[in-house]
>>> print(open('protein.cif').read())   # mmCIF, C-alpha atoms and all ligand atoms
data_query
loop_
_atom_site.group_PDB
_atom_site.id
_atom_site.type_symbol
_atom_site.label_atom_id
_atom_site.label_comp_id
_atom_site.auth_asym_id
_atom_site.auth_seq_id
_atom_site.Cartn_x
_atom_site.Cartn_y
_atom_site.Cartn_z
ATOM 1 C CA MET H 1 112.197 95.327 107.759
ATOM 2 C CA VAL H 2 111.973 93.020 104.754
ATOM 3 C CA TYR H 3 112.241 94.968 101.468
ATOM 4 C CA SER H 4 108.727 94.413 100.074
ATOM 5 C CA LYS H 5 107.113 95.040 103.465
ATOM 6 C CA SER H 6 108.856 98.410 103.792
ATOM 7 C CA ILE H 7 107.768 99.436 100.280
ATOM 8 C CA GLN H 8 104.221 98.423 101.172
ATOM 9 C CA LYS H 9 104.172 100.170 104.558
ATOM 10 C CA ASP H 10 106.517 103.162 104.184
ATOM 11 C CA GLY H 11 106.346 103.610 100.411
ATOM 12 C CA PHE H 12 110.136 103.580 100.002
ATOM 13 C CA SER H 13 113.331 101.690 100.724
ATOM 14 C CA ILE H 14 117.038 102.488 100.276
ATOM 15 C CA LEU H 15 119.332 99.776 98.911
ATOM 16 C CA GLU H 16 122.982 100.749 99.176
ATOM 17 C CA ARG H 17 125.583 99.218 96.788
ATOM 18 C CA ALA H 18 122.816 97.954 94.499
ATOM 19 C CA ILE H 19 124.769 98.831 91.335
ATOM 20 C CA ASP H 20 128.424 98.012 90.755
ATOM 21 C CA ALA H 21 130.862 100.988 90.971
ATOM 22 C CA ASN H 22 132.297 100.306 87.471
ATOM 23 C CA GLN H 23 128.827 100.372 86.010
ATOM 24 C CA ILE H 24 128.082 103.669 87.789
ATOM 25 C CA ALA H 25 131.291 105.173 86.340
ATOM 26 C CA ALA H 26 130.262 103.975 82.851
ATOM 27 C CA TYR H 27 126.806 105.559 83.189
ATOM 28 C CA LYS H 28 128.356 108.869 84.305
ATOM 29 C CA SER H 29 130.539 109.119 81.214
ATOM 30 C CA LEU H 30 127.766 107.878 78.906
ATOM 31 C CA LEU H 31 125.400 110.533 80.262
ATOM 32 C CA GLN H 32 128.013 113.265 80.070
ATOM 33 C CA SER H 33 128.653 112.558 76.424
ATOM 34 C CA ALA H 34 124.938 112.103 75.617
ATOM 35 C CA ILE H 35 124.160 115.480 77.210
ATOM 36 C CA GLN H 36 126.983 117.196 75.295
ATOM 37 C CA HIS H 37 125.645 115.845 72.000
ATOM 38 C CA SER H 38 121.986 116.541 72.590
ATOM 39 C CA ASP H 39 119.733 119.530 73.133
ATOM 40 C CA ALA H 40 119.162 118.390 76.725
ATOM 41 C CA LYS H 41 118.614 121.102 79.280
ATOM 42 C CA GLY H 42 121.120 121.719 82.084
ATOM 43 C CA TYR H 43 118.963 119.892 84.619
ATOM 44 C CA GLY H 44 119.292 116.567 82.818
ATOM 45 C CA MET H 45 117.338 114.663 80.215
ATOM 46 C CA ARG H 46 113.717 113.626 79.943
ATOM 47 C CA ARG H 47 113.546 110.907 77.222
ATOM 48 C CA LEU H 48 116.279 108.906 78.875
ATOM 49 C CA LEU H 49 115.368 105.362 77.830
ATOM 50 C CA GLU H 50 114.907 106.453 74.227
ATOM 51 C CA GLU H 51 118.180 108.429 74.118
ATOM 52 C CA ILE H 52 120.374 105.870 75.887
ATOM 53 C CA PRO H 53 119.570 102.233 74.980
ATOM 54 C CA MET H 54 122.115 100.949 77.531
ATOM 55 C CA LEU H 55 119.922 102.353 80.291
ATOM 56 C CA ARG H 56 116.873 100.580 78.885
ATOM 57 C CA GLN H 57 118.948 97.400 78.951
ATOM 58 C CA LEU H 58 119.835 98.071 82.610
ATOM 59 C CA CYS H 59 116.103 97.817 83.426
ATOM 60 C CA TRP H 60 116.263 94.108 82.527
ATOM 61 C CA GLU H 61 119.465 93.269 84.422
ATOM 62 C CA VAL H 62 119.425 91.200 87.603
ATOM 63 C CA PRO H 63 120.222 93.956 90.171
ATOM 64 C CA ILE H 64 117.265 96.000 88.912
ATOM 65 C CA ARG H 65 114.896 93.048 88.439
ATOM 66 C CA ASN H 66 115.685 92.042 92.041
ATOM 67 C CA LEU H 67 114.226 95.344 93.177
ATOM 68 C CA VAL H 68 111.284 95.565 90.775
ATOM 69 C CA GLU H 69 109.904 92.019 90.604
ATOM 70 C CA PRO H 70 109.206 91.463 94.337
ATOM 71 C CA ILE H 71 106.870 94.477 94.162
ATOM 72 C CA LEU H 72 105.373 94.448 90.634
ATOM 73 C CA GLY H 73 105.968 90.872 89.528
ATOM 74 C CA LYS H 74 107.817 89.352 86.575
ATOM 75 C CA ASN H 75 105.775 91.224 83.951
ATOM 76 C CA ALA H 76 107.044 94.643 85.082
ATOM 77 C CA PHE H 77 108.556 96.850 82.394
ATOM 78 C CA PRO H 78 110.060 100.358 82.297
ATOM 79 C CA VAL H 79 107.680 103.125 81.218
ATOM 80 C CA ARG H 80 109.677 106.338 81.651
ATOM 81 C CA GLY H 81 113.233 107.384 82.376
ATOM 82 C CA ILE H 82 114.452 110.820 83.447
ATOM 83 C CA PHE H 83 117.974 111.950 84.280
ATOM 84 C CA PHE H 84 118.244 114.614 86.998
ATOM 85 C CA ASP H 85 121.508 116.488 87.445
ATOM 86 C CA LYS H 86 121.718 119.172 90.120
ATOM 87 C CA ASN H 87 124.938 121.112 89.590
ATOM 88 C CA PRO H 88 126.167 124.680 90.114
ATOM 89 C CA GLN H 89 124.647 125.744 86.754
ATOM 90 C CA ALA H 90 121.299 124.045 87.338
ATOM 91 C CA ASN H 91 120.369 123.774 90.980
ATOM 92 C CA TRP H 92 116.763 123.717 92.103
ATOM 93 C CA GLY H 93 114.448 122.600 94.871
ATOM 94 C CA VAL H 94 111.085 120.894 94.530
ATOM 95 C CA SER H 95 108.298 121.450 97.011
ATOM 96 C CA TRP H 96 106.243 118.634 98.524
ATOM 97 C CA HIS H 97 104.332 116.700 95.891
ATOM 98 C CA GLN H 98 103.291 113.288 94.594
ATOM 99 C CA ASP H 99 104.211 112.047 91.111
ATOM 100 C CA MET H 100 100.780 112.172 89.521
ATOM 101 C CA THR H 101 101.482 111.976 85.796
ATOM 102 C CA ILE H 102 102.537 109.340 83.299
ATOM 103 C CA ALA H 103 104.066 109.800 79.828
ATOM 104 C CA VAL H 104 102.163 108.328 76.869
ATOM 105 C CA LYS H 105 102.820 107.963 73.123
ATOM 106 C CA GLN H 106 99.709 109.788 71.906
ATOM 107 C CA ARG H 107 96.976 111.907 73.339
ATOM 108 C CA ILE H 108 93.778 109.820 73.334
ATOM 109 C CA ASN H 109 90.928 111.105 75.457
ATOM 110 C CA ILE H 110 89.760 108.370 77.810
ATOM 111 C CA CYS H 111 87.500 108.775 80.833
ATOM 112 C CA GLY H 112 89.566 109.096 84.034
ATOM 113 C CA PHE H 113 92.715 110.345 82.267
ATOM 114 C CA TRP H 114 92.976 114.102 82.818
ATOM 115 C CA PRO H 115 94.474 116.746 82.763
ATOM 116 C CA TRP H 116 96.876 116.535 79.805
ATOM 117 C CA SER H 117 100.143 118.419 79.359
ATOM 118 C CA LEU H 118 103.075 118.448 76.954
ATOM 119 C CA LYS H 119 106.633 118.279 78.372
ATOM 120 C CA ASP H 120 109.563 118.367 75.937
ATOM 121 C CA GLY H 121 107.185 117.256 73.175
ATOM 122 C CA VAL H 122 105.907 114.219 75.136
ATOM 123 C CA HIS H 123 102.236 113.891 76.140
ATOM 124 C CA HIS H 124 101.691 113.525 79.869
ATOM 125 C CA VAL H 125 98.441 112.797 81.661
ATOM 126 C CA GLN H 126 97.183 112.123 85.149
ATOM 127 C CA PRO H 127 95.811 108.543 85.188
ATOM 128 C CA PRO H 128 93.320 107.100 87.677
ATOM 129 C CA ILE H 129 94.944 106.686 91.113
ATOM 130 C CA PRO H 130 94.919 102.824 91.062
ATOM 131 C CA ILE H 131 97.302 102.903 88.071
ATOM 132 C CA LEU H 132 99.773 105.047 90.047
ATOM 133 C CA GLU H 133 99.349 102.744 93.048
ATOM 134 C CA ARG H 134 100.533 99.825 90.910
ATOM 135 C CA MET H 135 103.707 101.593 89.716
ATOM 136 C CA LEU H 136 107.208 101.743 91.168
ATOM 137 C CA THR H 137 110.083 104.231 90.756
ATOM 138 C CA LEU H 138 113.794 103.475 91.076
ATOM 139 C CA ARG H 139 116.190 106.361 91.691
ATOM 140 C CA ILE H 140 119.707 105.181 90.898
ATOM 141 C CA HIS H 141 122.248 107.491 92.533
ATOM 142 C CA LEU H 142 125.407 108.268 90.572
ATOM 143 C CA ASP H 143 126.873 110.569 93.272
ATOM 144 C CA ASP H 144 126.938 110.497 97.053
ATOM 145 C CA THR H 145 123.734 112.273 97.980
ATOM 146 C CA LEU H 146 124.221 113.134 101.626
ATOM 147 C CA ALA H 147 122.944 116.071 103.698
ATOM 148 C CA ASP H 148 124.645 118.783 101.593
ATOM 149 C CA ASN H 149 123.836 117.273 98.226
ATOM 150 C CA ALA H 150 120.053 117.528 98.087
ATOM 151 C CA PRO H 151 118.868 114.122 99.330
ATOM 152 C CA LEU H 152 115.198 113.395 98.741
ATOM 153 C CA GLN H 153 112.889 114.089 101.685
ATOM 154 C CA VAL H 154 109.857 111.821 101.993
ATOM 155 C CA ILE H 155 106.817 111.385 104.220
ATOM 156 C CA PRO H 156 106.734 107.665 105.132
ATOM 157 C CA GLY H 157 103.374 106.001 104.540
ATOM 158 C CA SER H 158 101.945 108.969 102.609
ATOM 159 C CA HIS H 159 101.486 106.826 99.458
ATOM 160 C CA LEU H 160 98.637 105.048 101.254
ATOM 161 C CA HIS H 161 96.413 108.152 101.216
ATOM 162 C CA GLY H 162 95.727 108.302 97.460
ATOM 163 C CA TYR H 163 95.835 111.851 96.128
ATOM 164 C CA VAL H 164 96.621 114.270 98.976
ATOM 165 C CA LYS H 165 95.509 117.874 98.580
ATOM 166 C CA PRO H 166 98.318 120.426 99.089
ATOM 167 C CA GLU H 167 96.666 121.808 102.240
ATOM 168 C CA ASN H 168 96.671 118.319 103.788
ATOM 169 C CA ILE H 169 100.335 117.749 102.911
ATOM 170 C CA GLN H 170 101.162 120.493 105.447
ATOM 171 C CA LYS H 171 99.753 118.344 108.279
ATOM 172 C CA LEU H 172 101.765 115.274 107.277
ATOM 173 C CA LYS H 173 105.073 117.137 106.927
ATOM 174 C CA GLU H 174 106.066 116.723 110.575
ATOM 175 C CA ASN H 175 106.691 113.028 109.853
ATOM 176 C CA ALA H 176 109.134 113.739 107.011
ATOM 177 C CA VAL H 177 112.497 111.966 106.857
ATOM 178 C CA THR H 178 115.591 112.592 104.729
ATOM 179 C CA CYS H 179 116.967 109.853 102.471
ATOM 180 C CA PRO H 180 120.764 110.065 102.114
ATOM 181 C CA VAL H 181 122.038 107.585 99.505
ATOM 182 C CA TYR H 182 125.628 106.836 98.459
ATOM 183 C CA SER H 183 126.736 106.511 94.855
ATOM 184 C CA GLY H 184 125.593 103.098 93.596
ATOM 185 C CA GLY H 185 122.616 103.035 95.938
ATOM 186 C CA VAL H 186 119.008 102.947 94.802
ATOM 187 C CA LEU H 187 116.056 104.647 96.433
ATOM 188 C CA VAL H 188 112.950 102.659 95.513
ATOM 189 C CA MET H 189 109.663 104.490 95.989
ATOM 190 C CA LYS H 190 105.981 104.500 95.144
ATOM 191 C CA PRO H 191 105.034 107.464 92.906
ATOM 192 C CA LEU H 192 102.320 108.570 95.358
ATOM 193 C CA LEU H 193 104.848 108.920 98.212
ATOM 194 C CA ILE H 194 104.921 112.631 99.084
ATOM 195 C CA HIS H 195 108.434 113.930 98.475
ATOM 196 C CA ALA H 196 110.493 117.110 98.115
ATOM 197 C CA SER H 197 114.106 118.177 97.756
ATOM 198 C CA GLN H 198 116.208 121.277 98.439
ATOM 199 C CA PRO H 199 118.799 122.807 96.111
ATOM 200 C CA ALA H 200 122.219 121.155 96.601
ATOM 201 C CA LYS H 201 124.566 123.035 98.951
ATOM 202 C CA GLN H 202 127.777 121.624 97.521
ATOM 203 C CA ALA H 203 129.382 122.760 94.279
ATOM 204 C CA SER H 204 129.388 119.492 92.360
ATOM 205 C CA HIS H 205 126.996 117.089 90.671
ATOM 206 C CA ARG H 206 124.005 115.337 92.188
ATOM 207 C CA ARG H 207 123.003 112.915 89.440
ATOM 208 C CA VAL H 208 120.049 110.544 89.636
ATOM 209 C CA ILE H 209 118.693 108.137 87.031
ATOM 210 C CA HIS H 210 114.955 108.020 87.679
ATOM 211 C CA ILE H 211 113.106 105.051 86.123
ATOM 212 C CA GLU H 212 109.417 104.256 86.490
ATOM 213 C CA PHE H 213 107.994 100.749 86.065
ATOM 214 C CA ALA H 214 104.493 99.379 85.538
ATOM 215 C CA ALA H 215 103.162 95.877 84.994
ATOM 216 C CA GLU H 216 99.981 96.510 83.024
ATOM 217 C CA GLU H 217 99.019 97.966 79.678
ATOM 218 C CA LEU H 218 96.944 101.147 79.605
ATOM 219 C CA PRO H 219 93.249 100.980 78.618
ATOM 220 C CA GLY H 220 91.945 101.510 75.069
ATOM 221 C CA SER H 221 94.602 102.593 72.611
ATOM 222 C CA LEU H 222 96.652 104.516 75.180
ATOM 223 C CA GLU H 223 100.279 103.404 75.252
ATOM 224 C CA TRP H 224 103.073 104.068 77.741
ATOM 225 C CA TYR H 225 105.619 106.403 76.202
ATOM 226 C CA GLY H 226 108.688 104.519 77.286
ATOM 227 C CA SER H 227 107.593 100.902 76.850
HETATM 228 O O1 LIG Y 1 115.447 114.629 92.262
HETATM 229 C C1 LIG Y 1 114.836 115.428 92.963
HETATM 230 O O2 LIG Y 1 115.381 116.112 93.803
HETATM 231 C C2 LIG Y 1 113.357 115.566 92.901
HETATM 232 C C3 LIG Y 1 112.745 114.810 91.803
HETATM 233 C C4 LIG Y 1 111.290 114.809 91.946
HETATM 234 O O3 LIG Y 1 110.702 115.498 92.683
HETATM 235 C C5 LIG Y 1 110.503 113.896 91.171
HETATM 236 O O4 LIG Y 1 111.049 113.009 90.538
HETATM 237 O O5 LIG Y 1 109.272 114.024 91.197
#
>>> encode(input="protein.cif", output="structure tokens")
Amino acid sequence: MVYSKSIQKDGFSILERAIDANQIAAYKSLLQSAIQHSDAKGYGMRRLLEEIPMLRQLCWEVPIRNLVEPILGKNAFPVRGIFFDKNPQANWGVSWHQDMTIAVKQRINICGFWPWSLKDGVHHVQPPIPILERMLTLRIHLDDTLADNAPLQVIPGSHLHGYVKPENIQKLKENAVTCPVYSGGVLVMKPLLIHASQPAKQASHRRVIHIEFAAEELPGSLEWYGS
């Protein structure tokens, strides 16, 4: 299926060999040294685009724009970056959920934006659903993420249901598929796609650069954290 059609219909698409192997190796060593010199937790790093300018620059390079612009248009910009590293010291699973929150610069109470939370000192809030529907997430895989290395599991088409209550997720789970991705591949997904992952079974790294994009400013004086 053509890329933008599969994002529209299934809510995700896997693009293997999207990022050059030398670039992936450079990001691995950059992240390793950034983590060693920061107070980042073992699982990875939350303020990724602020901590590592080279990764913000990546968001504007052709291989990434080729994935973002067909879906969000030329005005798309990165709004949040997170680095996830499952490894023997920090290995976790996440149960079925949708990505419902955005990171913003300041807490400003605006109708439709609720509830608020603070993660690693950054304000997060749940925006109105249409804002999430107009966003896109890229998961850039630094390691082979095959069956034993905690590939993401997703429920195709579940992003089309708006917010799905946890009890209704149970009914949709029978349609779940697993998304193995090799190093250098990118899993592109809509934030409302219901997803989960298991702890990794192999004793090594499972590193993912997670970047969210939007193509609109927030209402009032609210500002995206990472823009
Ligand atoms: O990387 C993972 O395994 C899960 C990440 C996740 O659930 C998320 O980004 O919301």
>>> closest_atom_pairs(input="protein.cif", of="chain H", to="ligand LIG 1 (chain Y)", cutoff="9 Å", atoms="all atoms listed in the file", output="JSON lines")
{"residue": "H:Ile82", "atom": "CA", "partner": "Y:LIG1", "partner_atom": "O4", "distance": 8.2}
{"residue": "H:Phe83", "atom": "CA", "partner": "Y:LIG1", "partner_atom": "O1", "distance": 8.8}
{"residue": "H:Phe84", "atom": "CA", "partner": "Y:LIG1", "partner_atom": "O1", "distance": 6.0}
{"residue": "H:Asp85", "atom": "CA", "partner": "Y:LIG1", "partner_atom": "O1", "distance": 8.0}
{"residue": "H:Lys86", "atom": "CA", "partner": "Y:LIG1", "partner_atom": "O2", "distance": 7.9}
{"residue": "H:Trp92", "atom": "CA", "partner": "Y:LIG1", "partner_atom": "O2", "distance": 7.9}
{"residue": "H:Gly93", "atom": "CA", "partner": "Y:LIG1", "partner_atom": "O2", "distance": 6.6}
{"residue": "H:Val94", "atom": "CA", "partner": "Y:LIG1", "partner_atom": "O3", "distance": 5.7}
{"residue": "H:Ser95", "atom": "CA", "partner": "Y:LIG1", "partner_atom": "O3", "distance": 7.7}
{"residue": "H:Trp96", "atom": "CA", "partner": "Y:LIG1", "partner_atom": "O3", "distance": 8.0}
{"residue": "H:His97", "atom": "CA", "partner": "Y:LIG1", "partner_atom": "O3", "distance": 7.2}
{"residue": "H:Gln98", "atom": "CA", "partner": "Y:LIG1", "partner_atom": "O5", "distance": 6.9}
{"residue": "H:Asp99", "atom": "CA", "partner": "Y:LIG1", "partner_atom": "O5", "distance": 5.4}
{"residue": "H:Met100", "atom": "CA", "partner": "Y:LIG1", "partner_atom": "O5", "distance": 8.9}
{"residue": "H:Thr137", "atom": "CA", "partner": "Y:LIG1", "partner_atom": "O4", "distance": 8.8}
{"residue": "H:Arg139", "atom": "CA", "partner": "Y:LIG1", "partner_atom": "O1", "distance": 8.3}
{"residue": "H:Ala150", "atom": "CA", "partner": "Y:LIG1", "partner_atom": "O2", "distance": 6.5}
{"residue": "H:Pro151", "atom": "CA", "partner": "Y:LIG1", "partner_atom": "O2", "distance": 6.8}
{"residue": "H:Leu152", "atom": "CA", "partner": "Y:LIG1", "partner_atom": "O2", "distance": 5.6}
{"residue": "H:Gln153", "atom": "CA", "partner": "Y:LIG1", "partner_atom": "O2", "distance": 8.5}
{"residue": "H:Pro191", "atom": "CA", "partner": "Y:LIG1", "partner_atom": "O5", "distance": 8.0}
{"residue": "H:His195", "atom": "CA", "partner": "Y:LIG1", "partner_atom": "O3", "distance": 6.4}
{"residue": "H:Ala196", "atom": "CA", "partner": "Y:LIG1", "partner_atom": "O3", "distance": 5.7}
{"residue": "H:Ser197", "atom": "CA", "partner": "Y:LIG1", "partner_atom": "O2", "distance": 4.6}
{"residue": "H:Gln198", "atom": "CA", "partner": "Y:LIG1", "partner_atom": "O2", "distance": 7.0}
{"residue": "H:Pro199", "atom": "CA", "partner": "Y:LIG1", "partner_atom": "O2", "distance": 7.9}
{"residue": "H:Ala200", "atom": "CA", "partner": "Y:LIG1", "partner_atom": "O2", "distance": 8.9}
{"residue": "H:Arg206", "atom": "CA", "partner": "Y:LIG1", "partner_atom": "O1", "distance": 8.6}
{"residue": "H:Arg207", "atom": "CA", "partner": "Y:LIG1", "partner_atom": "O1", "distance": 8.2}
{"residue": "H:Val208", "atom": "CA", "partner": "Y:LIG1", "partner_atom": "O1", "distance": 6.7}
{"residue": "H:Ile209", "atom": "CA", "partner": "Y:LIG1", "partner_atom": "O1", "distance": 8.9}
{"residue": "H:His210", "atom": "CA", "partner": "Y:LIG1", "partner_atom": "O4", "distance": 7.0}
>>> resolve_selection(input="protein.cif", expression="the PyMOL selection byres (((chain H and resi 158) around 9) and not hetatm)", output="PyMOL selection string")
chain H and resi 10-11+154-157+159-162+164+169+172+192-194
>>> resolve_selection(input="protein.cif", expression="the PyMOL selection byres (((chain H and resi 128) around 9) and not hetatm)", output="VMD selection string")
chain H and resid 112 to 114 126 to 127 129 to 132
>>> closest_residue(input="protein.cif", among="H:Gly121, H:Gly184, H:Pro115, H:Pro78", to="Asp143 in chain H", atoms="all atoms listed in the file")
H:Gly184
>>> atom_distance(input="protein.cif", atom1="CA of Ile7 in chain H", atom2="CA of Ala76 in chain H")
16.0 Å
>>> resolve_selection(input="protein.cif", expression="the PyMOL selection byres (((chain H and resi 138) around 10) and not hetatm)", output="ChimeraX atom specification")
/H:12-14,59,64,67-68,81,136-137,139-141,186-191,208-213
>>> closest_residue(input="protein.cif", among="H:Leu55, H:Ala176, H:Leu15, H:Val104", to="Lys28 in chain H", atoms="all atoms listed in the file")
H:Leu55
>>> atom_distance(input="protein.cif", atom1="CA of Gly185 in chain H", atom2="CA of Glu69 in chain H")
17.6 Å
>>> residues_near_point(input="protein.cif", point="(124.2, 98.4, 89.8)", cutoff="9 Å", atoms="all atoms listed in the file", output="count of residues only")
17
>>> closest_residue(input="protein.cif", among="H:Tyr163, H:Tyr182, H:Trp224, H:Trp116", to="Thr145 in chain H", atoms="all atoms listed in the file")
H:Tyr182
>>> atom_distance(input="protein.cif", atom1="CA of Val122 in chain H", atom2="CA of Arg46 in chain H")
9.2 Å
>>> build_atoms(input="protein.cif", residues="range 154-163 of chain H", atoms="all heavy atoms", output="PDB file, keeping the file's coordinate frame")
ATOM      1  N   VAL H 154     111.112 112.540 102.254  1.00  0.00           N
ATOM      2  CA  VAL H 154     109.857 111.821 101.993  1.00  0.00           C
ATOM      3  C   VAL H 154     109.004 111.772 103.255  1.00  0.00           C
ATOM      4  O   VAL H 154     109.526 111.902 104.370  1.00  0.00           O
ATOM      5  CB  VAL H 154     110.119 110.366 101.488  1.00  0.00           C
ATOM      6  CG1 VAL H 154     111.020 110.367 100.255  1.00  0.00           C
ATOM      7  CG2 VAL H 154     110.715 109.485 102.582  1.00  0.00           C
ATOM      8  N   ILE H 155     107.717 111.564 103.072  1.00  0.00           N
ATOM      9  CA  ILE H 155     106.817 111.385 104.220  1.00  0.00           C
ATOM     10  C   ILE H 155     106.392 109.912 104.228  1.00  0.00           C
ATOM     11  O   ILE H 155     105.581 109.482 103.395  1.00  0.00           O
ATOM     12  CB  ILE H 155     105.588 112.318 104.116  1.00  0.00           C
ATOM     13  CG1 ILE H 155     106.055 113.775 104.032  1.00  0.00           C
ATOM     14  CG2 ILE H 155     104.657 112.087 105.300  1.00  0.00           C
ATOM     15  CD1 ILE H 155     104.949 114.802 103.861  1.00  0.00           C
ATOM     16  N   PRO H 156     106.999 109.106 105.138  1.00  0.00           N
ATOM     17  CA  PRO H 156     106.734 107.665 105.132  1.00  0.00           C
ATOM     18  C   PRO H 156     105.235 107.372 105.252  1.00  0.00           C
ATOM     19  O   PRO H 156     104.539 108.012 106.046  1.00  0.00           O
ATOM     20  CB  PRO H 156     107.487 107.153 106.366  1.00  0.00           C
ATOM     21  CG  PRO H 156     108.556 108.178 106.606  1.00  0.00           C
ATOM     22  CD  PRO H 156     107.943 109.495 106.193  1.00  0.00           C
ATOM     23  N   GLY H 157     104.774 106.441 104.460  1.00  0.00           N
ATOM     24  CA  GLY H 157     103.374 106.001 104.540  1.00  0.00           C
ATOM     25  C   GLY H 157     102.402 106.896 103.782  1.00  0.00           C
ATOM     26  O   GLY H 157     101.221 106.556 103.648  1.00  0.00           O
ATOM     27  N   SER H 158     102.881 108.017 103.236  1.00  0.00           N
ATOM     28  CA  SER H 158     101.945 108.969 102.609  1.00  0.00           C
ATOM     29  C   SER H 158     101.377 108.436 101.295  1.00  0.00           C
ATOM     30  O   SER H 158     100.358 108.922 100.813  1.00  0.00           O
ATOM     31  CB  SER H 158     102.622 110.321 102.383  1.00  0.00           C
ATOM     32  OG  SER H 158     103.823 110.166 101.656  1.00  0.00           O
ATOM     33  N   HIS H 159     102.006 107.412 100.713  1.00  0.00           N
ATOM     34  CA  HIS H 159     101.486 106.826  99.458  1.00  0.00           C
ATOM     35  C   HIS H 159     100.185 106.083  99.693  1.00  0.00           C
ATOM     36  O   HIS H 159      99.504 105.728  98.736  1.00  0.00           O
ATOM     37  CB  HIS H 159     102.526 105.858  98.886  1.00  0.00           C
ATOM     38  CG  HIS H 159     102.762 104.667  99.772  1.00  0.00           C
ATOM     39  ND1 HIS H 159     103.220 104.774 101.065  1.00  0.00           N
ATOM     40  CD2 HIS H 159     102.558 103.335  99.565  1.00  0.00           C
ATOM     41  CE1 HIS H 159     103.307 103.577 101.606  1.00  0.00           C
ATOM     42  NE2 HIS H 159     102.907 102.693 100.706  1.00  0.00           N
ATOM     43  N   LEU H 160      99.848 105.831 100.961  1.00  0.00           N
ATOM     44  CA  LEU H 160      98.637 105.048 101.254  1.00  0.00           C
ATOM     45  C   LEU H 160      97.380 105.911 101.291  1.00  0.00           C
ATOM     46  O   LEU H 160      96.285 105.414 101.474  1.00  0.00           O
ATOM     47  CB  LEU H 160      98.801 104.333 102.618  1.00  0.00           C
ATOM     48  CG  LEU H 160      99.948 103.326 102.671  1.00  0.00           C
ATOM     49  CD1 LEU H 160     100.182 102.830 104.089  1.00  0.00           C
ATOM     50  CD2 LEU H 160      99.674 102.146 101.731  1.00  0.00           C
ATOM     51  N   HIS H 161      97.556 107.233 101.111  1.00  0.00           N
ATOM     52  CA  HIS H 161      96.413 108.152 101.216  1.00  0.00           C
ATOM     53  C   HIS H 161      95.824 108.539  99.868  1.00  0.00           C
ATOM     54  O   HIS H 161      95.041 109.479  99.802  1.00  0.00           O
ATOM     55  CB  HIS H 161      96.837 109.439 101.938  1.00  0.00           C
ATOM     56  CG  HIS H 161      97.366 109.204 103.324  1.00  0.00           C
ATOM     57  ND1 HIS H 161      96.562 108.796 104.366  1.00  0.00           N
ATOM     58  CD2 HIS H 161      98.612 109.310 103.845  1.00  0.00           C
ATOM     59  CE1 HIS H 161      97.303 108.673 105.461  1.00  0.00           C
ATOM     60  NE2 HIS H 161      98.551 108.971 105.172  1.00  0.00           N
ATOM     61  N   GLY H 162      96.218 107.893  98.786  1.00  0.00           N
ATOM     62  CA  GLY H 162      95.727 108.302  97.460  1.00  0.00           C
ATOM     63  C   GLY H 162      96.236 109.696  97.139  1.00  0.00           C
ATOM     64  O   GLY H 162      97.337 110.069  97.553  1.00  0.00           O
ATOM     65  N   TYR H 163      95.433 110.458  96.408  1.00  0.00           N
ATOM     66  CA  TYR H 163      95.835 111.851  96.128  1.00  0.00           C
ATOM     67  C   TYR H 163      95.656 112.669  97.402  1.00  0.00           C
ATOM     68  O   TYR H 163      94.610 112.618  98.035  1.00  0.00           O
ATOM     69  CB  TYR H 163      94.986 112.428  94.982  1.00  0.00           C
ATOM     70  CG  TYR H 163      95.154 113.925  94.850  1.00  0.00           C
ATOM     71  CD1 TYR H 163      96.384 114.462  94.476  1.00  0.00           C
ATOM     72  CD2 TYR H 163      94.104 114.788  95.134  1.00  0.00           C
ATOM     73  CE1 TYR H 163      96.561 115.838  94.381  1.00  0.00           C
ATOM     74  CE2 TYR H 163      94.278 116.177  95.030  1.00  0.00           C
ATOM     75  CZ  TYR H 163      95.504 116.685  94.651  1.00  0.00           C
ATOM     76  OH  TYR H 163      95.692 118.039  94.569  1.00  0.00           O
TER      77      TYR H 163
END
